[in-house]
Amino acid sequence: MIQEIVGKVDANSIDMSSLSASAVVNEIFNSTLQEIVREVNIPIESLSDPILIGIARNTTSAGRPSSEYYVK
């Protein structure tokens with residue numbers, strides 16, 4: 001089964017070379033804020049920009065990376 005990225009976009013149809021680094025970073029940080037909004041129900045306008053604290057390897061989940069942020 002192919003995973004979908006952002007709605008109905010097939011992951012195989014994404015041209016990785018056409019993605020800008022800044023757009024990818026913005027997507028990562030925005031998805032962090034969206035997760036806070038969904039889980040805690042705080043309006044996104046009330047949240048500060050996320051500050052990356054660090055990236056860790058999750059050894060209990062096949063070694064996948066996990067990022068941690070500070071948000072006020």
# chains A, B, ... in the order shown; residues from 1 in each chain; ligands from 1

$ select_by_dssp --residues "region 18-71 of chain A" --states "helix (DSSP H, G or I)" --output "PDB file with C-alpha atoms, in the first residue's frame"
ATOM      1  CA  SER A  18      11.727  20.152  -6.974  1.00  0.00           C
ATOM      2  CA  ALA A  21      14.649  23.233   1.605  1.00  0.00           C
ATOM      3  CA  SER A  22      12.800  26.158   3.184  1.00  0.00           C
ATOM      4  CA  ALA A  23       9.403  24.767   2.134  1.00  0.00           C
ATOM      5  CA  VAL A  24      10.248  21.407   3.706  1.00  0.00           C
ATOM      6  CA  VAL A  25      11.388  23.058   6.948  1.00  0.00           C
ATOM      7  CA  ASN A  26       8.224  25.198   7.036  1.00  0.00           C
ATOM      8  CA  GLU A  27       6.096  22.070   6.557  1.00  0.00           C
ATOM      9  CA  ILE A  28       7.853  20.261   9.417  1.00  0.00           C
ATOM     10  CA  PHE A  29       7.448  23.169  11.832  1.00  0.00           C
ATOM     11  CA  ASN A  30       3.853  23.868  10.747  1.00  0.00           C
ATOM     12  CA  SER A  31       2.904  20.213  11.194  1.00  0.00           C
ATOM     13  CA  THR A  32       4.209  20.452  14.759  1.00  0.00           C
ATOM     14  CA  LEU A  33       1.869  23.365  15.436  1.00  0.00           C
ATOM     15  CA  GLN A  34      -1.052  21.577  13.747  1.00  0.00           C
ATOM     16  CA  GLU A  35      -0.500  18.548  15.983  1.00  0.00           C
ATOM     17  CA  ILE A  36      -0.650  20.768  19.083  1.00  0.00           C
ATOM     18  CA  VAL A  37      -3.868  22.370  17.826  1.00  0.00           C
ATOM     19  CA  ARG A  38      -5.484  18.948  17.200  1.00  0.00           C
ATOM     20  CA  GLU A  39      -4.354  17.349  20.454  1.00  0.00           C
ATOM     21  CA  VAL A  40      -4.694  20.234  22.927  1.00  0.00           C
ATOM     22  CA  ILE A  44      -2.652  28.261  16.383  1.00  0.00           C
ATOM     23  CA  GLU A  45      -2.588  32.068  16.723  1.00  0.00           C
ATOM     24  CA  SER A  46      -1.848  31.613  20.454  1.00  0.00           C
TER      25      SER A  46
END

$ residues_around --residues "Tyr70 (chain A)" --least-positions-apart "4" --cutoff "9 Å" --atoms "only C-alpha atoms" --output "list in words"
Ser48, Asp49, Pro50, Ile51, Leu52 and Ile53 of chain A

$ atom_distance --atom1 "CA of Gly54 (chain A)" --atom2 "CA of Lys72 (chain A)"
16.6 Å

$ atom_distance --atom1 "CA of Pro65 (chain A)" --atom2 "CA of Asn41 (chain A)"
25.6 Å

$ atom_distance --atom1 "CA of Val71 (chain A)" --atom2 "CA of Ile55 (chain A)"
15.5 Å

$ select_by_dssp --residues "chain A" --states "strand (DSSP E or B)" --output "PyMOL selection string"
chain A and resi 4-5+9-10+51-58+64-70
